[in-house]
$ cat model-v5.txt   # compact mmCIF, N, CA and C atoms
# COMPACT_ATOMS: atom_id res chain seq x y z
N MET K 1125 -11.37 -3.34 3.66
CA MET K 1125 -10.50 -4.34 4.24
C MET K 1125 -9.09 -4.21 3.68
N LEU K 1126 -8.93 -4.17 2.38
CA LEU K 1126 -7.61 -4.09 1.77
C LEU K 1126 -6.98 -2.73 2.00
N LYS K 1127 -7.80 -1.70 1.98
CA LYS K 1127 -7.30 -0.35 2.24
C LYS K 1127 -6.73 -0.26 3.65
N GLU K 1128 -7.44 -0.83 4.61
CA GLU K 1128 -6.99 -0.81 5.99
C GLU K 1128 -5.72 -1.63 6.17
N LEU K 1129 -5.59 -2.72 5.42
CA LEU K 1129 -4.38 -3.55 5.48
C LEU K 1129 -3.15 -2.76 5.05
N VAL K 1130 -3.25 -2.07 3.92
CA VAL K 1130 -2.12 -1.27 3.43
C VAL K 1130 -1.82 -0.14 4.40
N GLU K 1131 -2.85 0.51 4.90
CA GLU K 1131 -2.66 1.63 5.82
C GLU K 1131 -1.96 1.18 7.10
N SER K 1132 -2.36 0.05 7.65
CA SER K 1132 -1.74 -0.42 8.89
C SER K 1132 -0.29 -0.86 8.66
N MET K 1133 0.00 -1.49 7.53
CA MET K 1133 1.39 -1.88 7.24
C MET K 1133 2.26 -0.64 7.07
N ALA K 1134 1.77 0.35 6.37
CA ALA K 1134 2.55 1.56 6.12
C ALA K 1134 2.79 2.32 7.42
N LYS K 1135 1.81 2.39 8.29
CA LYS K 1135 1.96 3.13 9.54
C LYS K 1135 3.03 2.52 10.44
N VAL K 1136 3.19 1.21 10.37
CA VAL K 1136 4.22 0.54 11.17
C VAL K 1136 5.61 0.87 10.64
N LEU K 1137 5.73 1.05 9.34
CA LEU K 1137 7.04 1.26 8.71
C LEU K 1137 7.57 2.69 8.83
N VAL K 1138 6.71 3.67 8.86
CA VAL K 1138 7.15 5.06 8.74
C VAL K 1138 7.38 5.72 10.10
N GLU K 1139 8.08 6.85 10.08
CA GLU K 1139 8.32 7.62 11.29
C GLU K 1139 7.17 8.59 11.58
N GLN K 1140 6.42 8.96 10.54
CA GLN K 1140 5.29 9.88 10.70
C GLN K 1140 3.99 9.18 10.28
N PRO K 1141 3.44 8.32 11.16
CA PRO K 1141 2.24 7.57 10.78
C PRO K 1141 1.01 8.43 10.53
N ASP K 1142 0.99 9.64 11.08
CA ASP K 1142 -0.17 10.52 10.84
C ASP K 1142 -0.19 11.06 9.41
N GLN K 1143 0.91 10.95 8.68
CA GLN K 1143 1.00 11.42 7.30
C GLN K 1143 0.58 10.34 6.28
N VAL K 1144 0.30 9.13 6.74
CA VAL K 1144 -0.06 8.03 5.84
C VAL K 1144 -1.49 8.22 5.36
N GLN K 1145 -1.66 8.19 4.03
CA GLN K 1145 -2.99 8.30 3.42
C GLN K 1145 -3.13 7.22 2.36
N VAL K 1146 -4.25 6.53 2.37
CA VAL K 1146 -4.53 5.52 1.36
C VAL K 1146 -5.86 5.87 0.71
N GLU K 1147 -5.83 6.00 -0.60
CA GLU K 1147 -7.05 6.32 -1.36
C GLU K 1147 -7.38 5.12 -2.24
N ALA K 1148 -8.62 4.69 -2.20
CA ALA K 1148 -9.07 3.56 -3.01
C ALA K 1148 -9.86 4.09 -4.21
N VAL K 1149 -9.44 3.67 -5.40
CA VAL K 1149 -10.13 4.04 -6.64
C VAL K 1149 -10.74 2.76 -7.21
N GLU K 1150 -12.05 2.68 -7.15
CA GLU K 1150 -12.77 1.49 -7.63
C GLU K 1150 -13.01 1.59 -9.13
N GLU K 1151 -12.65 0.54 -9.83
CA GLU K 1151 -12.92 0.42 -11.26
C GLU K 1151 -13.65 -0.91 -11.47
N PRO K 1152 -14.26 -1.13 -12.61
CA PRO K 1152 -15.01 -2.37 -12.80
C PRO K 1152 -14.18 -3.65 -12.58
N ALA K 1153 -12.96 -3.67 -13.11
CA ALA K 1153 -12.17 -4.90 -13.02
C ALA K 1153 -11.20 -4.90 -11.85
N THR K 1154 -10.71 -3.74 -11.45
CA THR K 1154 -9.67 -3.68 -10.42
C THR K 1154 -9.95 -2.56 -9.42
N THR K 1155 -9.24 -2.63 -8.32
CA THR K 1155 -9.23 -1.56 -7.34
C THR K 1155 -7.79 -1.07 -7.25
N THR K 1156 -7.60 0.23 -7.38
CA THR K 1156 -6.28 0.82 -7.26
C THR K 1156 -6.17 1.52 -5.91
N LEU K 1157 -5.16 1.13 -5.15
CA LEU K 1157 -4.91 1.76 -3.87
C LEU K 1157 -3.72 2.69 -4.03
N LYS K 1158 -3.92 3.96 -3.72
CA LYS K 1158 -2.87 4.96 -3.85
C LYS K 1158 -2.37 5.31 -2.46
N LEU K 1159 -1.09 5.01 -2.22
CA LEU K 1159 -0.49 5.23 -0.91
C LEU K 1159 0.39 6.46 -0.93
N ARG K 1160 0.12 7.38 0.00
CA ARG K 1160 0.94 8.59 0.16
C ARG K 1160 1.52 8.58 1.56
N VAL K 1161 2.84 8.88 1.63
CA VAL K 1161 3.51 9.01 2.92
C VAL K 1161 4.31 10.31 2.91
N ALA K 1162 4.85 10.70 4.05
CA ALA K 1162 5.69 11.89 4.12
C ALA K 1162 6.92 11.68 3.23
N PRO K 1163 7.43 12.75 2.62
CA PRO K 1163 8.60 12.61 1.72
C PRO K 1163 9.80 11.91 2.36
N GLY K 1164 10.02 12.14 3.64
CA GLY K 1164 11.14 11.49 4.32
C GLY K 1164 10.93 10.00 4.57
N ASP K 1165 9.69 9.56 4.52
CA ASP K 1165 9.37 8.15 4.77
C ASP K 1165 9.23 7.33 3.51
N LEU K 1166 9.35 7.96 2.37
CA LEU K 1166 9.16 7.25 1.10
C LEU K 1166 10.14 6.10 0.95
N GLY K 1167 11.40 6.33 1.32
CA GLY K 1167 12.41 5.28 1.23
C GLY K 1167 12.13 4.11 2.13
N ARG K 1168 11.52 4.36 3.28
CA ARG K 1168 11.19 3.28 4.21
C ARG K 1168 10.10 2.38 3.64
N VAL K 1169 9.17 2.97 2.93
CA VAL K 1169 8.06 2.18 2.36
C VAL K 1169 8.53 1.40 1.13
N ILE K 1170 9.42 1.99 0.36
CA ILE K 1170 9.92 1.31 -0.84
C ILE K 1170 10.97 0.27 -0.48
N GLY K 1171 11.89 0.63 0.39
CA GLY K 1171 12.93 -0.31 0.82
C GLY K 1171 14.06 -0.42 -0.19
N LYS K 1172 15.12 -1.12 0.21
CA LYS K 1172 16.26 -1.32 -0.68
C LYS K 1172 15.84 -2.16 -1.88
N GLN K 1173 16.11 -1.61 -3.05
CA GLN K 1173 15.77 -2.25 -4.33
C GLN K 1173 14.30 -2.64 -4.41
N GLY K 1174 13.44 -1.91 -3.69
CA GLY K 1174 12.01 -2.14 -3.76
C GLY K 1174 11.52 -3.36 -3.02
N ARG K 1175 12.34 -3.92 -2.13
CA ARG K 1175 11.95 -5.16 -1.46
C ARG K 1175 10.75 -4.97 -0.53
N THR K 1176 10.72 -3.88 0.21
CA THR K 1176 9.59 -3.66 1.12
C THR K 1176 8.30 -3.44 0.35
N ALA K 1177 8.37 -2.65 -0.71
CA ALA K 1177 7.18 -2.42 -1.55
C ALA K 1177 6.70 -3.73 -2.17
N ARG K 1178 7.63 -4.56 -2.60
CA ARG K 1178 7.28 -5.86 -3.19
C ARG K 1178 6.61 -6.75 -2.15
N ALA K 1179 7.10 -6.72 -0.91
CA ALA K 1179 6.50 -7.52 0.16
C ALA K 1179 5.09 -7.05 0.47
N ILE K 1180 4.89 -5.74 0.52
CA ILE K 1180 3.54 -5.20 0.76
C ILE K 1180 2.60 -5.63 -0.35
N ARG K 1181 3.08 -5.54 -1.59
CA ARG K 1181 2.23 -5.94 -2.73
C ARG K 1181 1.91 -7.43 -2.69
N THR K 1182 2.87 -8.26 -2.28
CA THR K 1182 2.64 -9.70 -2.19
C THR K 1182 1.55 -10.00 -1.17
N LEU K 1183 1.63 -9.39 0.01
CA LEU K 1183 0.59 -9.60 1.02
C LEU K 1183 -0.76 -9.08 0.54
N LEU K 1184 -0.74 -7.94 -0.12
CA LEU K 1184 -1.98 -7.36 -0.64
C LEU K 1184 -2.62 -8.26 -1.69
N HIS K 1185 -1.82 -8.80 -2.58
CA HIS K 1185 -2.36 -9.69 -3.61
C HIS K 1185 -2.91 -10.97 -3.01
N ALA K 1186 -2.26 -11.49 -1.96
CA ALA K 1186 -2.77 -12.69 -1.29
C ALA K 1186 -4.12 -12.41 -0.63
N ALA K 1187 -4.24 -11.28 0.04
CA ALA K 1187 -5.52 -10.92 0.67
C ALA K 1187 -6.60 -10.67 -0.38
N ALA K 1188 -6.21 -10.05 -1.49
CA ALA K 1188 -7.17 -9.78 -2.55
C ALA K 1188 -7.65 -11.07 -3.22
N ALA K 1189 -6.75 -12.02 -3.35
CA ALA K 1189 -7.12 -13.30 -3.96
C ALA K 1189 -8.16 -14.01 -3.10
N ARG K 1190 -8.01 -13.91 -1.79
CA ARG K 1190 -9.00 -14.51 -0.90
C ARG K 1190 -10.37 -13.86 -1.07
N ALA K 1191 -10.36 -12.55 -1.32
CA ALA K 1191 -11.61 -11.81 -1.50
C ALA K 1191 -12.07 -11.85 -2.96
N LYS K 1192 -11.32 -12.56 -3.80
CA LYS K 1192 -11.63 -12.68 -5.23
C LYS K 1192 -11.70 -11.32 -5.91
N LYS K 1193 -10.70 -10.49 -5.63
CA LYS K 1193 -10.60 -9.18 -6.23
C LYS K 1193 -9.21 -9.01 -6.82
N ARG K 1194 -9.06 -8.02 -7.69
CA ARG K 1194 -7.76 -7.66 -8.27
C ARG K 1194 -7.41 -6.26 -7.76
N VAL K 1195 -6.22 -6.15 -7.18
CA VAL K 1195 -5.82 -4.90 -6.55
C VAL K 1195 -4.44 -4.49 -7.05
N VAL K 1196 -4.28 -3.18 -7.29
CA VAL K 1196 -3.00 -2.61 -7.69
C VAL K 1196 -2.63 -1.57 -6.65
N LEU K 1197 -1.36 -1.60 -6.21
CA LEU K 1197 -0.87 -0.62 -5.23
C LEU K 1197 0.06 0.35 -5.92
N GLU K 1198 -0.25 1.64 -5.81
CA GLU K 1198 0.61 2.69 -6.32
C GLU K 1198 1.16 3.45 -5.13
N ILE K 1199 2.48 3.63 -5.09
CA ILE K 1199 3.11 4.42 -4.04
C ILE K 1199 3.44 5.77 -4.63
N LEU K 1200 2.79 6.81 -4.13
CA LEU K 1200 2.92 8.15 -4.70
C LEU K 1200 3.87 8.99 -3.87
N GLU K 1201 4.51 9.94 -4.54
CA GLU K 1201 5.41 10.87 -3.85
C GLU K 1201 4.64 12.02 -3.26

$ encode --input "model-v5.txt" --output "structure tokens"
Amino acid sequence: MLKELVESMAKVLVEQPDQVQVEAVEEPATTTLKLRVAPGDLGRVIGKQGRTARAIRTLLHAAAARAKKRVVLEILE
């Protein structure tokens, strides 16, 4: 559910949606979502001063709180 949420948000933001990849790493206490996009789309996902990335993380944390989980989003180059 959370993986699909991040993937769908990222695909809307980027110019190359087929390059969007989200990997979920399950750990006992947290789930880490690793987001990869095309190098040219990295700025679109991060946004000016990280505002877009912060907004994605805020929505992700709200959805995770509903599911009673702890989630960390990493945006990889």

$ closest_residue --input "model-v5.txt" --among "K:Ala1189, K:Ile1170, K:Leu1184, K:Val1161" --to "K:Gln1140" --atoms "only N, CA and C atoms"
K:Val1161

$ closest_residue --input "model-v5.txt" --among "K:Leu1126, K:Leu1157, K:Leu1166, K:Ala1187" --to "K:Glu1139" --atoms "only N, CA and C atoms"
K:Leu1166

$ residues_around --input "model-v5.txt" --residues "K:Thr1154" --least-positions-apart "2" --cutoff "7 Å" --atoms "all atoms listed in the file" --output "ChimeraX atom specification"
/K:1149-1152,1156,1193-1196

$ atom_distance --input "model-v5.txt" --atom1 "atom CA of K:Ala1188" --atom2 "atom N of K:Ala1153"
13.5 Å

$ atom_distance --input "model-v5.txt" --atom1 "atom CA of K:Thr1155" --atom2 "atom CA of K:Lys1172"
26.3 Å

$ closest_residue --input "model-v5.txt" --among "K:Ile1199, K:Val1169, K:Val1146, K:Pro1163" --to "K:Glu1128" --atoms "all atoms listed in the file"
K:Val1146

$ select_by_dssp --input "model-v5.txt" --residues "chain K" --states "alpha helix (DSSP H)" --output "number ranges by chain"
K: 1126-1137, 1166-1170, 1175-1190

$ write_last_selection --input "model-v5.txt" --atoms "N, CA and C atoms" --output "compact mmCIF listing (two decimals), in the frame of the given file"
# COMPACT_ATOMS: atom_id res chain seq x y z
N LEU K 1126 -8.93 -4.17 2.38
CA LEU K 1126 -7.61 -4.09 1.77
C LEU K 1126 -6.98 -2.73 2.00
N LYS K 1127 -7.80 -1.70 1.98
CA LYS K 1127 -7.30 -0.35 2.24
C LYS K 1127 -6.73 -0.26 3.65
N GLU K 1128 -7.44 -0.83 4.61
CA GLU K 1128 -6.99 -0.81 5.99
C GLU K 1128 -5.72 -1.63 6.17
N LEU K 1129 -5.59 -2.72 5.42
CA LEU K 1129 -4.38 -3.55 5.48
C LEU K 1129 -3.15 -2.76 5.05
N VAL K 1130 -3.25 -2.07 3.92
CA VAL K 1130 -2.12 -1.27 3.43
C VAL K 1130 -1.82 -0.14 4.40
N GLU K 1131 -2.85 0.51 4.90
CA GLU K 1131 -2.66 1.63 5.82
C GLU K 1131 -1.96 1.18 7.10
N SER K 1132 -2.36 0.05 7.65
CA SER K 1132 -1.74 -0.42 8.89
C SER K 1132 -0.29 -0.86 8.66
N MET K 1133 0.00 -1.49 7.53
CA MET K 1133 1.39 -1.88 7.24
C MET K 1133 2.26 -0.64 7.07
N ALA K 1134 1.77 0.35 6.37
CA ALA K 1134 2.55 1.56 6.12
C ALA K 1134 2.79 2.32 7.42
N LYS K 1135 1.81 2.39 8.29
CA LYS K 1135 1.96 3.13 9.54
C LYS K 1135 3.03 2.52 10.44
N VAL K 1136 3.19 1.21 10.37
CA VAL K 1136 4.22 0.54 11.17
C VAL K 1136 5.61 0.87 10.64
N LEU K 1137 5.73 1.05 9.34
CA LEU K 1137 7.04 1.26 8.71
C LEU K 1137 7.57 2.69 8.83
N LEU K 1166 9.35 7.96 2.37
CA LEU K 1166 9.16 7.25 1.10
C LEU K 1166 10.14 6.10 0.95
N GLY K 1167 11.40 6.33 1.32
CA GLY K 1167 12.41 5.28 1.23
C GLY K 1167 12.13 4.11 2.13
N ARG K 1168 11.52 4.36 3.28
CA ARG K 1168 11.19 3.28 4.21
C ARG K 1168 10.10 2.38 3.64
N VAL K 1169 9.17 2.97 2.93
CA VAL K 1169 8.06 2.18 2.36
C VAL K 1169 8.53 1.40 1.13
N ILE K 1170 9.42 1.99 0.36
CA ILE K 1170 9.92 1.31 -0.84
C ILE K 1170 10.97 0.27 -0.48
N ARG K 1175 12.34 -3.92 -2.13
CA ARG K 1175 11.95 -5.16 -1.46
C ARG K 1175 10.75 -4.97 -0.53
N THR K 1176 10.72 -3.88 0.21
CA THR K 1176 9.59 -3.66 1.12
C THR K 1176 8.30 -3.44 0.35
N ALA K 1177 8.37 -2.65 -0.71
CA ALA K 1177 7.18 -2.42 -1.55
C ALA K 1177 6.70 -3.73 -2.17
N ARG K 1178 7.63 -4.56 -2.60
CA ARG K 1178 7.28 -5.86 -3.19
C ARG K 1178 6.61 -6.75 -2.15
N ALA K 1179 7.10 -6.72 -0.91
CA ALA K 1179 6.50 -7.52 0.16
C ALA K 1179 5.09 -7.05 0.47
N ILE K 1180 4.89 -5.74 0.52
CA ILE K 1180 3.54 -5.20 0.76
C ILE K 1180 2.60 -5.63 -0.35
N ARG K 1181 3.08 -5.54 -1.59
CA ARG K 1181 2.23 -5.94 -2.73
C ARG K 1181 1.91 -7.43 -2.69
N THR K 1182 2.87 -8.26 -2.28
CA THR K 1182 2.64 -9.70 -2.19
C THR K 1182 1.55 -10.00 -1.17
N LEU K 1183 1.63 -9.39 0.01
CA LEU K 1183 0.59 -9.60 1.02
C LEU K 1183 -0.76 -9.08 0.54
N LEU K 1184 -0.74 -7.94 -0.12
CA LEU K 1184 -1.98 -7.36 -0.64
C LEU K 1184 -2.62 -8.26 -1.69
N HIS K 1185 -1.82 -8.80 -2.58
CA HIS K 1185 -2.36 -9.69 -3.61
C HIS K 1185 -2.91 -10.97 -3.01
N ALA K 1186 -2.26 -11.49 -1.96
CA ALA K 1186 -2.77 -12.69 -1.29
C ALA K 1186 -4.12 -12.41 -0.63
N ALA K 1187 -4.24 -11.28 0.04
CA ALA K 1187 -5.52 -10.92 0.67
C ALA K 1187 -6.60 -10.67 -0.38
N ALA K 1188 -6.21 -10.05 -1.49
CA ALA K 1188 -7.17 -9.78 -2.55
C ALA K 1188 -7.65 -11.07 -3.22
N ALA K 1189 -6.75 -12.02 -3.35
CA ALA K 1189 -7.12 -13.30 -3.96
C ALA K 1189 -8.16 -14.01 -3.10
N ARG K 1190 -8.01 -13.91 -1.79
CA ARG K 1190 -9.00 -14.51 -0.90
C ARG K 1190 -10.37 -13.86 -1.07

$ select_by_dssp --input "model-v5.txt" --residues "chain K" --states "strand (DSSP E or B)" --output "list in words"
Gln1145, Val1146, Glu1147, Ala1148, Val1149, Glu1150, Thr1155, Thr1156, Leu1157, Lys1158, Leu1159, Arg1160, Val1195, Val1196, Leu1197, Glu1198, Ile1199 and Leu1200 of chain K

$ atom_distance --input "model-v5.txt" --atom1 "atom CA of K:Ala1191" --atom2 "atom CA of K:Val1136"
23.7 Å

$ residues_near_point --input "model-v5.txt" --point "(1.5, 5.7, 9.1)" --cutoff "8 Å" --atoms "only N, CA and C atoms" --output "list in words"
Glu1131, Ser1132, Met1133, Ala1134, Lys1135, Val1136, Leu1137, Val1138, Glu1139, Gln1140, Pro1141, Asp1142, Gln1143, Val1144, Gln1145, Val1161 and Ala1162 of chain K

$ closest_residue --input "model-v5.txt" --among "K:Ile1180, K:Met1125, K:Ala1186, K:Val1130" --to "K:Leu1159" --atoms "only N, CA and C atoms"
K:Val1130

$ closest_residue --input "model-v5.txt" --among "K:Ala1177, K:Ala1148, K:Leu1200, K:Leu1129" --to "K:Arg1160" --atoms "all atoms listed in the file"
K:Leu1200

$ decode --input "model-v5.txt" --residues "stretch 1155-1183 of chain K" --atoms "N, CA and C atoms" --output "PDB file, in the first residue's frame"
ATOM      1  N   THR K1155       9.955   0.281   7.940  1.00  0.00           N
ATOM      2  CA  THR K1155      10.030  -0.088   6.531  1.00  0.00           C
ATOM      3  C   THR K1155      10.722   1.071   5.823  1.00  0.00           C
ATOM      4  N   THR K1156      11.756   0.767   5.051  1.00  0.00           N
ATOM      5  CA  THR K1156      12.458   1.780   4.286  1.00  0.00           C
ATOM      6  C   THR K1156      12.059   1.648   2.824  1.00  0.00           C
ATOM      7  N   LEU K1157      11.570   2.746   2.269  1.00  0.00           N
ATOM      8  CA  LEU K1157      11.214   2.771   0.859  1.00  0.00           C
ATOM      9  C   LEU K1157      12.302   3.525   0.117  1.00  0.00           C
ATOM     10  N   LYS K1158      12.899   2.881  -0.863  1.00  0.00           N
ATOM     11  CA  LYS K1158      13.977   3.489  -1.643  1.00  0.00           C
ATOM     12  C   LYS K1158      13.425   3.848  -3.012  1.00  0.00           C
ATOM     13  N   LEU K1159      13.423   5.147  -3.306  1.00  0.00           N
ATOM     14  CA  LEU K1159      12.862   5.660  -4.553  1.00  0.00           C
ATOM     15  C   LEU K1159      13.978   6.014  -5.517  1.00  0.00           C
ATOM     16  N   ARG K1160      13.902   5.446  -6.722  1.00  0.00           N
ATOM     17  CA  ARG K1160      14.853   5.765  -7.797  1.00  0.00           C
ATOM     18  C   ARG K1160      14.076   6.337  -8.967  1.00  0.00           C
ATOM     19  N   VAL K1161      14.607   7.451  -9.511  1.00  0.00           N
ATOM     20  CA  VAL K1161      14.027   8.054 -10.709  1.00  0.00           C
ATOM     21  C   VAL K1161      15.153   8.319 -11.702  1.00  0.00           C
ATOM     22  N   ALA K1162      14.805   8.694 -12.922  1.00  0.00           N
ATOM     23  CA  ALA K1162      15.817   9.037 -13.915  1.00  0.00           C
ATOM     24  C   ALA K1162      16.627  10.241 -13.417  1.00  0.00           C
ATOM     25  N   PRO K1163      17.913  10.308 -13.753  1.00  0.00           N
ATOM     26  CA  PRO K1163      18.753  11.423 -13.268  1.00  0.00           C
ATOM     27  C   PRO K1163      18.190  12.808 -13.585  1.00  0.00           C
ATOM     28  N   GLY K1164      17.546  12.955 -14.732  1.00  0.00           N
ATOM     29  CA  GLY K1164      16.973  14.250 -15.087  1.00  0.00           C
ATOM     30  C   GLY K1164      15.733  14.612 -14.289  1.00  0.00           C
ATOM     31  N   ASP K1165      15.099  13.625 -13.686  1.00  0.00           N
ATOM     32  CA  ASP K1165      13.876  13.854 -12.910  1.00  0.00           C
ATOM     33  C   ASP K1165      14.128  14.004 -11.421  1.00  0.00           C
ATOM     34  N   LEU K1166      15.356  13.857 -10.999  1.00  0.00           N
ATOM     35  CA  LEU K1166      15.671  13.914  -9.570  1.00  0.00           C
ATOM     36  C   LEU K1166      15.262  15.252  -8.969  1.00  0.00           C
ATOM     37  N   GLY K1167      15.532  16.337  -9.676  1.00  0.00           N
ATOM     38  CA  GLY K1167      15.170  17.665  -9.188  1.00  0.00           C
ATOM     39  C   GLY K1167      13.675  17.854  -9.054  1.00  0.00           C
ATOM     40  N   ARG K1168      12.911  17.223  -9.921  1.00  0.00           N
ATOM     41  CA  ARG K1168      11.451  17.329  -9.854  1.00  0.00           C
ATOM     42  C   ARG K1168      10.904  16.640  -8.603  1.00  0.00           C
ATOM     43  N   VAL K1169      11.510  15.541  -8.236  1.00  0.00           N
ATOM     44  CA  VAL K1169      11.040  14.794  -7.058  1.00  0.00           C
ATOM     45  C   VAL K1169      11.465  15.494  -5.766  1.00  0.00           C
ATOM     46  N   ILE K1170      12.644  16.088  -5.774  1.00  0.00           N
ATOM     47  CA  ILE K1170      13.131  16.772  -4.575  1.00  0.00           C
ATOM     48  C   ILE K1170      12.481  18.146  -4.431  1.00  0.00           C
ATOM     49  N   GLY K1171      12.402  18.887  -5.525  1.00  0.00           N
ATOM     50  CA  GLY K1171      11.772  20.209  -5.491  1.00  0.00           C
ATOM     51  C   GLY K1171      12.699  21.272  -4.940  1.00  0.00           C
ATOM     52  N   LYS K1172      12.254  22.527  -5.036  1.00  0.00           N
ATOM     53  CA  LYS K1172      13.045  23.645  -4.524  1.00  0.00           C
ATOM     54  C   LYS K1172      13.150  23.538  -3.009  1.00  0.00           C
ATOM     55  N   GLN K1173      14.391  23.560  -2.549  1.00  0.00           N
ATOM     56  CA  GLN K1173      14.713  23.457  -1.118  1.00  0.00           C
ATOM     57  C   GLN K1173      14.078  22.233  -0.467  1.00  0.00           C
ATOM     58  N   GLY K1174      13.850  21.182  -1.268  1.00  0.00           N
ATOM     59  CA  GLY K1174      13.326  19.934  -0.730  1.00  0.00           C
ATOM     60  C   GLY K1174      11.856  19.946  -0.395  1.00  0.00           C
ATOM     61  N   ARG K1175      11.118  20.929  -0.893  1.00  0.00           N
ATOM     62  CA  ARG K1175       9.705  21.044  -0.526  1.00  0.00           C
ATOM     63  C   ARG K1175       8.867  19.881  -1.045  1.00  0.00           C
ATOM     64  N   THR K1176       9.105  19.458  -2.268  1.00  0.00           N
ATOM     65  CA  THR K1176       8.321  18.352  -2.827  1.00  0.00           C
ATOM     66  C   THR K1176       8.618  17.050  -2.082  1.00  0.00           C
ATOM     67  N   ALA K1177       9.890  16.800  -1.815  1.00  0.00           N
ATOM     68  CA  ALA K1177      10.263  15.596  -1.058  1.00  0.00           C
ATOM     69  C   ALA K1177       9.648  15.627   0.337  1.00  0.00           C
ATOM     70  N   ARG K1178       9.636  16.789   0.959  1.00  0.00           N
ATOM     71  CA  ARG K1178       9.046  16.927   2.292  1.00  0.00           C
ATOM     72  C   ARG K1178       7.544  16.654   2.242  1.00  0.00           C
ATOM     73  N   ALA K1179       6.878  17.126   1.187  1.00  0.00           N
ATOM     74  CA  ALA K1179       5.439  16.889   1.042  1.00  0.00           C
ATOM     75  C   ALA K1179       5.146  15.406   0.845  1.00  0.00           C
ATOM     76  N   ILE K1180       5.955  14.738   0.034  1.00  0.00           N
ATOM     77  CA  ILE K1180       5.777  13.292  -0.173  1.00  0.00           C
ATOM     78  C   ILE K1180       5.961  12.553   1.145  1.00  0.00           C
ATOM     79  N   ARG K1181       6.984  12.936   1.894  1.00  0.00           N
ATOM     80  CA  ARG K1181       7.230  12.274   3.187  1.00  0.00           C
ATOM     81  C   ARG K1181       6.092  12.527   4.171  1.00  0.00           C
ATOM     82  N   THR K1182       5.527  13.735   4.163  1.00  0.00           N
ATOM     83  CA  THR K1182       4.416  14.053   5.060  1.00  0.00           C
ATOM     84  C   THR K1182       3.215  13.175   4.753  1.00  0.00           C
ATOM     85  N   LEU K1183       2.865  13.047   3.476  1.00  0.00           N
ATOM     86  CA  LEU K1183       1.747  12.184   3.098  1.00  0.00           C
ATOM     87  C   LEU K1183       2.035  10.725   3.437  1.00  0.00           C
TER      88      LEU K1183
END
